[in-house]
Amino acid sequence: MRKYISINEGWTFEKKGEKSTVNLPHTWNNLDGQGSEPTYYRGKCTYTKIIERQKGKTWLEFKGVNAACTVYINGNKVGSHLGGYSAFRFEVTDFLSSPKNFLTVEVDNSPLREVYPETADFTFYGGIYRDVNLITEVEKQHFSLDDCGSSALYITPKMNGDVFVKSVISGYETGVRVLYEIFDADGKLVASAGNRVRLHVENPHLWNGLEDPYLYTLRATLFMESRTVDRVESRFGFREIRFDADKGCFLNGKHIKLKGVSRHQDREGLGNALTINEHREDLELIREVGANSIRLAHYQQAEEFYSLCDEMGFLVWAEVPVISRFSKKKQANALSQLEELIKQNMNHPSIFCWGIENEITIQGASPVLTDSIEELNNLAHVLDVSRPTTCAQLTMCPPESELNNITDIMGYNHYYGWYMKTVDGIDEWLKKFKEAQPKVPLCLSEYGAEAVIGYFSDNAVQGDYSEGYQSRFHEHYLNVINSTEWLWGSYVWNMFDFGSSMRNEGGVRGRNNKGLVTFDRKIKKDAFYMYKAFWSEEKFVHIEGGRYTLRRIGKRTFRVISNCPEVTLKCGRYKKTVAGEHVFTFEDVPIKEGNNKVTAVAGDCEETIIFEGVEGYPASYSLPDGASTMVRNWFVPKSESINPEYLSTEDTIGEILKNDDVRGMVSGVAGKLISSPLMKLVAPIKLKTVLNLKFIHINNDMKELAQQFLQTIKK
């Protein structure tokens with residue numbers, strides 16, 4: 001029977017003529033792809049290793065290589081693979097011609113016109129970043145190793161206990177037979193059948209998400225005459241999930257709101273080259289925040305991660321990287337990556353849907369886009385009849401778009417309150433979508449705001465990159481999501497900060513800082529505790545902004561986050577108890593010069609922080625000079641009319657600068673200018689007049705951008 005041999009150790013790695021010895025998993029972008037440089041290396045590198053000739057038929061198995069690779073043994077080409085996130089195998093039996101053989105793997109993470117993704121808001125780490133195995137002693141008759149990197153065993157369980165099984169066998173001939181056996185979680189045999197596609201388990205124990213993620217194991221044994229020649233196993237679970245446009249999601253007949261986070265797989269200093277320990281730590285953090293669902297964006301992730309989700313009970317949205325820029329030239333690769341995703345992972349009960357595209361209209365819609373998305377949708381249904389398909393659209397895709405009527409369920413990515421308008425923009429959009437598409441089951445597939453550790457303000461505002469604003473942003477979205485009963489779920493963007501080489505904003509290069517947890521997984525931001533308050537039953541109390549221990553002298557406002565029914569805050573002689581839910585506000589808390597002991601108590605939970613009273617905040621609490629603050633306008637359509645309740649270029653410079661939101665955003669880059677004598681002279685002048693002065697050199701597009709920016713700020 002087959003035998004697996006890890007060959008992760010002792011590879012020679014060559015990049016641009018320089019060689020080193022590495023162990024797998026490995027990426028060459030673990031540092032330069034995470035902000036240390038303005039660009040990162042995207043090109044070809046080579047991995048080499050001596051491998052020994054094996055007994056019987058032999059396959060070479062790669063769990064993940066980004067993004068394209070070609071494999072050679074002793075200079076002879078074995079094969080190529082396009083796509084950076086799925087497993088693949090090559091038979092190498094006839095290539096192992098010597099006792100010791102020279103294996104070469106050429107890896108390329110260049111932008112490739114025929115491979116998805118070519119461009120996206122995340123770093124494309126190059127390398128052999130998952131495990132590599134030799135599969136040896138494979139007999140002539142075996143469960144196929146050439147079926148898209150899968151186990152060749154496909155299981156479709158039904159709620160009544162029926163289990164339909166399909167296996168793909170290579171070398172089939174007279175005398176070959178299969179025995180299928182199902183074992184419960186205790187290892188007890190509960191069903192068996194020979195050469196049949198249907199088995200039955202009496203009174204099946206359901207896989208019921210976080211409450212009870214019960215798993216069975218199906219073992220398939222292949223015999224030639226009476227001799228065992230191969231065996232494969234796969235875990236599965238009995239569960240049913242359905243969606244209703246008006247009532248939301250139902251797991252095993254019981255309503256469940258999917259409380260989700262999105263996850264990019266990379267980590268600071270490691271890139272995508274993770275071990276089981278990092279995967280498990282991520283899931284422990286996701287469980288702590290109280291989520292019950294995960295969107296694995298925007299590509300196939302490690303098989304070990306899906307298995308851990310099975311064990312822990314998370315419901316998983318799995319998707320392929322058909323993202324951002326549609327290209328008909330990439331359609332063959334899109335279909336290939338989707339087939340690999342489904343065939344390799346369809347037995348996981350945690351996976352409840354297949355995502356076939358994300359923000360594909362961000363750079364416009366091609367005339368053939370609809371046909372291509374329908375082709376992907378049809379393929380998913382052919383490969384797996386048991387799961388719905390889904391997609392994630394971006395704001396500029398109108399609710400009436402025909403793309404919103406292809407997949408079975410769907411999501412929208414919105415950033416009201418960060419890239420565009422204000423947070424309450426999401427309220428109105430949801431109403432409009434429901435009117436336009438009353439029969440489409442919808443979730444919020446992305447929403448978020450950036451928070452860079454270190455920034456703090458007494459008056460956190462949109463675009464200041466502070467933890468305080470991120471926390472308030474998510475507080476609003478959580479309330480809207482909870483009150484919109486027909487939404488089947490939501491997915492925070494993102495659970496963790498992640499590498500994005502294209503970014504340089506908020507004083508941080510090469511990183512998207514929308515995570516609830518920092519890139520190194522060491523700091524839980526205030527927004528993490530906001531979700532924990534809404535979602536988790538684990539009692540806690542958390543003082544918002546507690547890591548910013550310098551506070552202005554005087555009466556200050558403190559917010560405390562907790563899932564207890566009331567909180568008491570104490571500071572010197574100040575003591576006040578507030579009842580409520582999730583967020584508890586304490587005004588007029590006296591902060592004196594020197595040390596101030598602030599204690600929050602909720603039930604049996606307590607947190608104490610020593611704050612130092614100071615005259616003014618250090619410069620490090622604000623965005624540095626020159627840092628980007630214009631994120632509010634990434635996706636804003638051209639303004640058609642002016643809302644008088646918000647600022648505009650029709651207002652005077654003085655009126656604009658009196659606004660707390662504006663002052664909070666520009667104080668770090670123009671603080672001295674605001675208080676200068678020059679400002680007193682221009683204060684009565686409308687901003688529109690200044691922008692129209694010829695020597696200012698402001699074009700119409702920039703004027704429109706200024707108008708859009710001001711129209712996100714309430715007077």
# chains A, B, ... in the order shown; residues from 1 in each chain; ligands from 1
>>> select_by_dssp(residues="segment 250-468 of chain A", states="strand (DSSP E)", output="PyMOL selection string")
chain A and resi 250-251+254-255+258-263+293-296+315-319+351-358+389-394+410-413+442-446
>>> residues_around(residues="segment 533-539 of chain A", least_positions_apart="6", cutoff="7 Å", atoms="only C-alpha atoms", output="PyMOL selection string")
chain A and resi 289-291+561-564+582
>>> atom_distance(atom1="atom CA of Arg235 of chain A", atom2="atom CA of Val190 of chain A")
13.9 Å
>>> residues_around(residues="Tyr621 of chain A", least_positions_apart="6", cutoff="10 Å", atoms="only C-alpha atoms", output="list of chain:residue names")
A:Ile453, A:Gly454, A:Tyr455, A:Phe456, A:Ser457, A:Ser466, A:Tyr548, A:Leu550, A:Gly668
>>> closest_residue(among="A:Gly269, A:Gly175, A:Gly56, A:Gly35", to="Thr136 of chain A", atoms="only C-alpha atoms")
A:Gly56
>>> select_by_dssp(residues="segment 364-606 of chain A", states="alpha helix (DSSP H)", output="PyMOL selection string")
chain A and resi 369-383+425-436+467-483+526-535
>>> closest_residue(among="A:Thr370, A:Arg472, A:Lys44, A:Met1", to="Phe223 of chain A", atoms="only C-alpha atoms")
A:Met1
>>> atom_distance(atom1="atom CA of Ala527 of chain A", atom2="atom CA of Asn482 of chain A")
16.6 Å
>>> closest_residue(among="A:Ile73, A:Arg387, A:Trp488, A:Gly613", to="His255 of chain A", atoms="only C-alpha atoms")
A:Trp488
>>> atom_distance(atom1="atom CA of Phe611 of chain A", atom2="atom CA of Asn595 of chain A")
5.7 Å
>>> residues_around(residues="Val320 of chain A", least_positions_apart="3", cutoff="12 Å", atoms="only C-alpha atoms", output="PyMOL selection string")
chain A and resi 83-86+115-117+295-301+317+323+333-342+353-358+360+376-377+380+389-392
>>> residues_around(residues="segment 607-610 of chain A", least_positions_apart="6", cutoff="12 Å", atoms="only C-alpha atoms", output="ChimeraX atom specification")
/A:540-551,560-562,567-572,591-592,594-601
>>> write_last_selection(atoms="N, CA, C and O atoms", output="CSV table (one decimal), in the first residue's frame")
chain,number,residue,atom,x,y,z
A,540,PHE,N,-16.3,39.3,30.2
A,540,PHE,CA,-15.0,40.1,30.3
A,540,PHE,C,-15.4,41.6,30.4
A,540,PHE,O,-16.6,42.0,30.2
A,541,VAL,N,-14.4,42.4,30.7
A,541,VAL,CA,-14.6,43.9,30.7
A,541,VAL,C,-13.3,44.4,30.1
A,541,VAL,O,-12.2,43.9,30.4
A,542,HIS,N,-13.4,45.5,29.3
A,542,HIS,CA,-12.2,46.0,28.6
A,542,HIS,C,-12.4,47.6,28.5
A,542,HIS,O,-13.4,48.1,28.0
A,543,ILE,N,-11.4,48.3,29.0
A,543,ILE,CA,-11.4,49.7,28.9
A,543,ILE,C,-10.9,50.1,27.5
A,543,ILE,O,-9.7,49.8,27.2
A,544,GLU,N,-11.7,50.8,26.7
A,544,GLU,CA,-11.3,51.1,25.4
A,544,GLU,C,-10.2,52.2,25.4
A,544,GLU,O,-10.2,53.1,26.2
A,545,GLY,N,-9.2,52.0,24.6
A,545,GLY,CA,-8.0,52.9,24.5
A,545,GLY,C,-7.1,52.7,25.7
A,545,GLY,O,-6.3,53.6,26.0
A,546,GLY,N,-7.2,51.5,26.3
A,546,GLY,CA,-6.4,51.3,27.5
A,546,GLY,C,-4.9,51.3,27.3
A,546,GLY,O,-4.1,51.5,28.2
A,547,ARG,N,-4.4,51.0,26.1
A,547,ARG,CA,-3.0,51.0,25.9
A,547,ARG,C,-2.4,52.4,25.7
A,547,ARG,O,-1.2,52.6,25.6
A,548,TYR,N,-3.3,53.4,25.6
A,548,TYR,CA,-2.8,54.8,25.4
A,548,TYR,C,-2.9,55.5,26.8
A,548,TYR,O,-3.9,56.0,27.2
A,549,THR,N,-1.8,55.3,27.5
A,549,THR,CA,-1.8,55.6,29.0
A,549,THR,C,-1.5,57.1,29.3
A,549,THR,O,-1.5,57.5,30.4
A,550,LEU,N,-1.3,57.9,28.3
A,550,LEU,CA,-1.1,59.4,28.5
A,550,LEU,C,-2.5,60.0,28.1
A,550,LEU,O,-3.0,59.9,27.0
A,551,ARG,N,-3.1,60.7,29.1
A,551,ARG,CA,-4.4,61.3,28.9
A,551,ARG,C,-4.3,62.8,29.3
A,551,ARG,O,-3.7,63.1,30.3
A,560,VAL,N,-16.2,51.8,28.0
A,560,VAL,CA,-15.9,50.4,28.5
A,560,VAL,C,-16.7,49.4,27.7
A,560,VAL,O,-17.9,49.6,27.5
A,561,ILE,N,-16.0,48.4,27.2
A,561,ILE,CA,-16.7,47.4,26.4
A,561,ILE,C,-16.8,46.1,27.3
A,561,ILE,O,-15.9,45.7,27.9
A,562,SER,N,-18.0,45.5,27.3
A,562,SER,CA,-18.3,44.3,28.1
A,562,SER,C,-19.5,43.6,27.6
A,562,SER,O,-20.4,44.3,27.0
A,567,VAL,N,-21.7,48.0,34.2
A,567,VAL,CA,-20.2,48.2,34.5
A,567,VAL,C,-20.1,49.4,35.5
A,567,VAL,O,-20.8,50.4,35.4
A,568,THR,N,-19.1,49.2,36.4
A,568,THR,CA,-18.8,50.3,37.3
A,568,THR,C,-17.4,50.8,37.0
A,568,THR,O,-16.5,50.0,36.9
A,569,LEU,N,-17.2,52.1,36.9
A,569,LEU,CA,-15.9,52.7,36.6
A,569,LEU,C,-15.5,53.5,37.9
A,569,LEU,O,-16.3,54.3,38.4
A,570,LYS,N,-14.3,53.3,38.3
A,570,LYS,CA,-13.7,54.0,39.5
A,570,LYS,C,-12.4,54.7,39.1
A,570,LYS,O,-11.6,54.1,38.4
A,571,CYS,N,-12.3,56.0,39.5
A,571,CYS,CA,-11.1,56.7,39.3
A,571,CYS,C,-11.0,57.7,40.5
A,571,CYS,O,-11.7,58.7,40.5
A,572,GLY,N,-10.1,57.5,41.5
A,572,GLY,CA,-10.0,58.3,42.6
A,572,GLY,C,-11.4,58.3,43.3
A,572,GLY,O,-11.9,57.3,43.7
A,591,ILE,N,-9.2,63.4,35.3
A,591,ILE,CA,-7.8,63.0,35.2
A,591,ILE,C,-6.9,64.1,35.7
A,591,ILE,O,-6.9,65.2,35.2
A,592,LYS,N,-6.1,63.8,36.7
A,592,LYS,CA,-5.3,64.8,37.3
A,592,LYS,C,-3.8,64.6,36.8
A,592,LYS,O,-3.5,63.6,36.2
A,594,GLY,N,-0.1,63.5,36.8
A,594,GLY,CA,0.5,62.3,37.4
A,594,GLY,C,-0.3,61.1,37.2
A,594,GLY,O,-1.1,61.0,36.2
A,595,ASN,N,-0.2,60.1,38.0
A,595,ASN,CA,-0.8,58.8,37.8
A,595,ASN,C,-2.3,58.8,38.3
A,595,ASN,O,-2.6,59.3,39.3
A,596,ASN,N,-3.1,58.1,37.5
A,596,ASN,CA,-4.5,58.0,37.7
A,596,ASN,C,-4.9,56.5,37.6
A,596,ASN,O,-4.8,56.0,36.5
A,597,LYS,N,-5.4,55.9,38.6
A,597,LYS,CA,-5.8,54.5,38.6
A,597,LYS,C,-7.3,54.4,38.2
A,597,LYS,O,-8.1,54.9,38.9
A,598,VAL,N,-7.5,53.8,37.0
A,598,VAL,CA,-8.9,53.7,36.5
A,598,VAL,C,-9.2,52.2,36.5
A,598,VAL,O,-8.5,51.4,35.9
A,599,THR,N,-10.3,51.9,37.1
A,599,THR,CA,-10.7,50.5,37.2
A,599,THR,C,-12.1,50.3,36.7
A,599,THR,O,-13.0,51.1,37.1
A,600,ALA,N,-12.3,49.3,35.9
A,600,ALA,CA,-13.6,48.9,35.4
A,600,ALA,C,-14.0,47.6,36.0
A,600,ALA,O,-13.2,46.6,35.9
A,601,VAL,N,-15.2,47.5,36.5
A,601,VAL,CA,-15.7,46.2,37.1
A,601,VAL,C,-17.0,45.8,36.5
A,601,VAL,O,-17.9,46.7,36.4
>>> closest_atom_pairs(of="segment 156-239 of chain A", to="segment 310-313 of chain A", cutoff="8 Å", atoms="only C-alpha atoms", output="CSV")
residue,atom,partner,partner_atom,distance
A:Trp207,CA,A:Gly313,CA,7.8
A:Asn208,CA,A:Gly313,CA,7.1
A:Gly209,CA,A:Gly313,CA,4.1
A:Leu210,CA,A:Gly313,CA,4.2
A:Glu211,CA,A:Gly313,CA,7.3
A:Asp212,CA,A:Gly313,CA,7.0
A:Pro213,CA,A:Gly313,CA,4.8
A:Tyr214,CA,A:Glu311,CA,7.6
A:Leu215,CA,A:Glu311,CA,7.5
>>> residues_around(residues="Leu222 of chain A", least_positions_apart="6", cutoff="10 Å", atoms="only C-alpha atoms", output="PyMOL selection string")
chain A and resi 1+141-143+169+176-180+194-195+228-232
>>> write_last_selection(atoms="C-alpha atoms", output="PDB file, in the first residue's frame")
ATOM      1  CA  MET A   1       0.000   0.000   0.000  1.00  0.00           C
ATOM      2  CA  GLN A 141      -4.484  -0.761  -8.637  1.00  0.00           C
ATOM      3  CA  HIS A 142      -4.958   2.320  -6.415  1.00  0.00           C
ATOM      4  CA  PHE A 143      -7.291   5.143  -5.582  1.00  0.00           C
ATOM      5  CA  ILE A 169      -9.764   3.965  -9.147  1.00  0.00           C
ATOM      6  CA  VAL A 176     -10.732  -5.418  -8.074  1.00  0.00           C
ATOM      7  CA  ARG A 177     -13.255  -4.660  -5.344  1.00  0.00           C
ATOM      8  CA  VAL A 178     -13.801  -1.904  -2.759  1.00  0.00           C
ATOM      9  CA  LEU A 179     -14.939  -2.114   0.846  1.00  0.00           C
ATOM     10  CA  TYR A 180     -16.426   1.054   2.338  1.00  0.00           C
ATOM     11  CA  GLY A 194     -18.743  -3.564  -0.728  1.00  0.00           C
ATOM     12  CA  ASN A 195     -18.660  -2.059  -4.212  1.00  0.00           C
ATOM     13  CA  THR A 228      -5.287  -5.290   0.177  1.00  0.00           C
ATOM     14  CA  VAL A 229      -3.609  -2.957  -2.312  1.00  0.00           C
ATOM     15  CA  ASP A 230      -4.656   0.554  -1.202  1.00  0.00           C
ATOM     16  CA  ARG A 231      -6.588   2.427   1.462  1.00  0.00           C
ATOM     17  CA  VAL A 232      -7.791   6.023   1.901  1.00  0.00           C
TER      18      VAL A 232
END
>>> closest_residue(among="A:Val201, A:Val65, A:Ile241, A:Leu394", to="Ser324 of chain A", atoms="only C-alpha atoms")
A:Leu394
>>> closest_residue(among="A:Ile256, A:Ile713, A:Ala706, A:Val614", to="Val423 of chain A", atoms="only C-alpha atoms")
A:Ile713
